[in-house]
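Single-structure report; data block below.
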Amino acid sequence: MLQVEIDLLGLARRAAGQKHIVLELPEQSSYDNLIHFLAERYPSLVGQVINPQTLELFPSFMLNLEGRQVIKDLSQTLTGGEHLVLMFVESGG
């Protein structure tokens with residue numbers, strides 16, 4: 001199993017009712033798998049942060065890795081130990 005930490009900001013935080021999540025995902029999981037898992041575990045994100053039709057993030061949201069890199073290719077495989085931020089695109093400063 002892979003462990004991934006996610007900080008939620010803004011609407012994502014309000015919708016999930018959490019500011020920090022630690023998830024355990026199967027080996028070889030991708031960022032897409034992570035978003036699907038979030039949709040299952042936090043259904044309140046669906047419709048507000050995650051598109052209910054595609055189970056992808058709405059274009060106004062992004063995943064940021066380690067505060068340094070925006071994840072653009074969600075098919076990438078997670079390695080475990082990632083610290084991600086799920087945020088509204090305009091939340092940065």
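Identifiers for the structure tokens are assigned positionally: chains receive A, B, ... in sequence, residues are indexed from 1 per chain, and ligands are indexed from 1 in the order shown.
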
Report as a PDB file with N, CA and C atoms, in the first residue's frame all protein, DNA and RNA residues lying within 12 Å of Glu40 (chain A), evaluated on only C-alpha atoms, omitting residues in the same chain fewer than 5 positions from it.
ATOM      1  N   ALA A  16     -15.237  18.663   2.087  1.00  0.00           N
ATOM      2  CA  ALA A  16     -14.835  17.407   2.728  1.00  0.00           C
ATOM      3  C   ALA A  16     -14.935  17.470   4.245  1.00  0.00           C
ATOM      4  N   ASN A  33      -6.528   7.534 -10.015  1.00  0.00           N
ATOM      5  CA  ASN A  33      -7.067   6.614  -9.005  1.00  0.00           C
ATOM      6  C   ASN A  33      -7.289   7.329  -7.683  1.00  0.00           C
ATOM      7  N   LEU A  34      -6.376   8.206  -7.339  1.00  0.00           N
ATOM      8  CA  LEU A  34      -6.486   8.988  -6.105  1.00  0.00           C
ATOM      9  C   LEU A  34      -7.761   9.833  -6.116  1.00  0.00           C
ATOM     10  N   ILE A  35      -8.032  10.489  -7.231  1.00  0.00           N
ATOM     11  CA  ILE A  35      -9.234  11.323  -7.327  1.00  0.00           C
ATOM     12  C   ILE A  35     -10.494  10.466  -7.241  1.00  0.00           C
ATOM     13  N   LEU A  45     -17.355  16.001  -2.151  1.00  0.00           N
ATOM     14  CA  LEU A  45     -16.475  16.660  -3.130  1.00  0.00           C
ATOM     15  C   LEU A  45     -17.040  16.564  -4.545  1.00  0.00           C
ATOM     16  N   VAL A  46     -17.841  15.532  -4.782  1.00  0.00           N
ATOM     17  CA  VAL A  46     -18.412  15.312  -6.116  1.00  0.00           C
ATOM     18  C   VAL A  46     -19.470  16.383  -6.383  1.00  0.00           C
ATOM     19  N   ILE A  50     -15.023  17.661  -7.793  1.00  0.00           N
ATOM     20  CA  ILE A  50     -14.859  16.554  -8.734  1.00  0.00           C
ATOM     21  C   ILE A  50     -16.090  16.466  -9.620  1.00  0.00           C
ATOM     22  N   PRO A  52     -18.974  14.971 -11.489  1.00  0.00           N
ATOM     23  CA  PRO A  52     -19.689  13.713 -11.291  1.00  0.00           C
ATOM     24  C   PRO A  52     -19.775  12.849 -12.552  1.00  0.00           C
ATOM     25  N   LEU A  55     -15.536  11.960 -13.025  1.00  0.00           N
ATOM     26  CA  LEU A  55     -14.732  11.733 -11.814  1.00  0.00           C
ATOM     27  C   LEU A  55     -13.314  12.293 -11.970  1.00  0.00           C
TER      28      LEU A  55
END

Original post:
Using only C-alpha atoms, which residues sit within 12 Å of Gly47 (chain A) once same-chain residues fewer than 3 positions away are excluded, as a list of chain:residue names?
Top reply: A:Leu11, A:Ala12, A:Ala15, A:Ala16, A:Ala39, A:Tyr42, A:Pro43, A:Ser44, A:Ile50, A:Asn51, A:Pro52, A:Gln53, A:Thr54, A:Leu55, A:Glu56, A:Leu57, A:Phe58

**OP:** Run DSSP on the backbone and give me the residues of chain A it puts in alpha helix (DSSP H), as a PyMOL selection string.
**Re:** chain A and resi 10-16+31-41

Go ahead and write the residues just picked, N, CA and C atoms, as a compact mmCIF listing (two decimals), in the first residue's frame.
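Contents of the output file selection.txt:
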# COMPACT_ATOMS: atom_id res chain seq x y z
N GLY A 10 -9.63 25.85 0.76
CA GLY A 10 -10.82 26.50 0.24
C GLY A 10 -12.05 25.61 0.18
N LEU A 11 -12.71 25.59 -0.97
CA LEU A 11 -13.94 24.83 -1.16
C LEU A 11 -13.74 23.35 -0.92
N ALA A 12 -12.58 22.81 -1.33
CA ALA A 12 -12.31 21.39 -1.11
C ALA A 12 -12.32 21.08 0.39
N ARG A 13 -11.74 21.96 1.19
CA ARG A 13 -11.72 21.78 2.65
C ARG A 13 -13.13 21.84 3.22
N ARG A 14 -13.89 22.83 2.79
CA ARG A 14 -15.26 22.96 3.30
C ARG A 14 -16.12 21.77 2.90
N ALA A 15 -16.00 21.35 1.65
CA ALA A 15 -16.83 20.24 1.16
C ALA A 15 -16.51 18.94 1.87
N ALA A 16 -15.24 18.66 2.09
CA ALA A 16 -14.84 17.41 2.73
C ALA A 16 -14.94 17.47 4.24
N TYR A 31 -2.62 9.24 -10.03
CA TYR A 31 -3.33 10.41 -9.50
C TYR A 31 -4.82 10.32 -9.86
N ASP A 32 -5.14 9.78 -11.03
CA ASP A 32 -6.54 9.54 -11.39
C ASP A 32 -7.22 8.62 -10.37
N ASN A 33 -6.53 7.53 -10.01
CA ASN A 33 -7.07 6.61 -9.00
C ASN A 33 -7.29 7.33 -7.68
N LEU A 34 -6.38 8.21 -7.34
CA LEU A 34 -6.49 8.99 -6.10
C LEU A 34 -7.76 9.83 -6.12
N ILE A 35 -8.03 10.49 -7.23
CA ILE A 35 -9.23 11.32 -7.33
C ILE A 35 -10.49 10.47 -7.24
N HIS A 36 -10.50 9.30 -7.87
CA HIS A 36 -11.65 8.39 -7.77
C HIS A 36 -11.85 7.95 -6.32
N PHE A 37 -10.75 7.66 -5.62
CA PHE A 37 -10.83 7.26 -4.22
C PHE A 37 -11.38 8.39 -3.37
N LEU A 38 -10.94 9.63 -3.64
CA LEU A 38 -11.47 10.78 -2.92
C LEU A 38 -12.98 10.92 -3.14
N ALA A 39 -13.42 10.69 -4.38
CA ALA A 39 -14.85 10.79 -4.70
C ALA A 39 -15.66 9.76 -3.92
N GLU A 40 -15.11 8.56 -3.76
CA GLU A 40 -15.80 7.51 -3.01
C GLU A 40 -15.80 7.81 -1.51
N ARG A 41 -14.66 8.24 -0.99
CA ARG A 41 -14.52 8.44 0.45
C ARG A 41 -15.14 9.75 0.93

Subject >> Which of chain A DSSP labels strand (DSSP E or B), written as a PyMOL selection string >> reply: chain A and resi 2-8+20-25+30+46+50+57+61-65+69-70+77+83-88

**OP:** Would you list the contacts of Thr79 (chain A) as JSON, numbers by chain, taking every protein, DNA or RNA residue within 9 Å and counting only C-alpha atoms, but skipping same-chain residues closer than 5 positions in sequence?
**Re:** {"A": [2, 3, 4, 27, 28, 29, 30]}

Output N, CA and C atoms for every residue in that selection, as a PDB file, in the first residue's frame.
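Wrote it out as selection.pdb, contents follow:
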ATOM      1  N   LEU A   2       0.363   2.287  -0.668  1.00  0.00           N
ATOM      2  CA  LEU A   2       1.029   3.579  -0.709  1.00  0.00           C
ATOM      3  C   LEU A   2       0.317   4.537   0.238  1.00  0.00           C
ATOM      4  N   GLN A   3       1.082   5.361   0.915  1.00  0.00           N
ATOM      5  CA  GLN A   3       0.483   6.382   1.771  1.00  0.00           C
ATOM      6  C   GLN A   3       0.727   7.744   1.140  1.00  0.00           C
ATOM      7  N   VAL A   4      -0.341   8.532   1.051  1.00  0.00           N
ATOM      8  CA  VAL A   4      -0.295   9.860   0.451  1.00  0.00           C
ATOM      9  C   VAL A   4      -0.985  10.837   1.400  1.00  0.00           C
ATOM     10  N   GLU A  27      -0.700  -0.286  -4.407  1.00  0.00           N
ATOM     11  CA  GLU A  27       0.502  -0.069  -5.215  1.00  0.00           C
ATOM     12  C   GLU A  27       0.090   0.182  -6.667  1.00  0.00           C
ATOM     13  N   GLN A  28       0.880   0.952  -7.375  1.00  0.00           N
ATOM     14  CA  GLN A  28       0.658   1.271  -8.784  1.00  0.00           C
ATOM     15  C   GLN A  28      -0.546   2.184  -9.014  1.00  0.00           C
ATOM     16  N   SER A  29      -1.054   2.824  -7.968  1.00  0.00           N
ATOM     17  CA  SER A  29      -2.161   3.762  -8.142  1.00  0.00           C
ATOM     18  C   SER A  29      -1.654   5.031  -8.824  1.00  0.00           C
ATOM     19  N   SER A  30      -2.530   5.635  -9.618  1.00  0.00           N
ATOM     20  CA  SER A  30      -2.210   6.890 -10.304  1.00  0.00           C
ATOM     21  C   SER A  30      -2.923   8.041  -9.589  1.00  0.00           C
TER      22      SER A  30
END

Original post:
Can you list, as a PyMOL selection string, every protein, DNA or RNA residue that comes within 9 Å of His20 (chain A) when you count only C-alpha atoms, leaving out same-chain residues fewer than 6 positions away?
Top reply: chain A and resi 5-8+13

Suppose we keep N, CA and C atoms; can you now write the selection as a PDB file, in the first residue's frame?
ATOM      1  N   GLU A   5      -0.365  12.001   1.608  1.00  0.00           N
ATOM      2  CA  GLU A   5      -0.972  13.047   2.434  1.00  0.00           C
ATOM      3  C   GLU A   5      -1.507  14.145   1.529  1.00  0.00           C
ATOM      4  N   ILE A   6      -2.688  14.631   1.857  1.00  0.00           N
ATOM      5  CA  ILE A   6      -3.321  15.681   1.054  1.00  0.00           C
ATOM      6  C   ILE A   6      -3.820  16.780   1.982  1.00  0.00           C
ATOM      7  N   ASP A   7      -3.397  18.012   1.712  1.00  0.00           N
ATOM      8  CA  ASP A   7      -3.963  19.175   2.377  1.00  0.00           C
ATOM      9  C   ASP A   7      -5.054  19.724   1.471  1.00  0.00           C
ATOM     10  N   LEU A   8      -6.193  20.028   2.044  1.00  0.00           N
ATOM     11  CA  LEU A   8      -7.322  20.567   1.288  1.00  0.00           C
ATOM     12  C   LEU A   8      -7.459  22.047   1.600  1.00  0.00           C
ATOM     13  N   ARG A  13     -11.739  21.962   1.191  1.00  0.00           N
ATOM     14  CA  ARG A  13     -11.718  21.776   2.646  1.00  0.00           C
ATOM     15  C   ARG A  13     -13.132  21.839   3.216  1.00  0.00           C
TER      16      ARG A  13
END
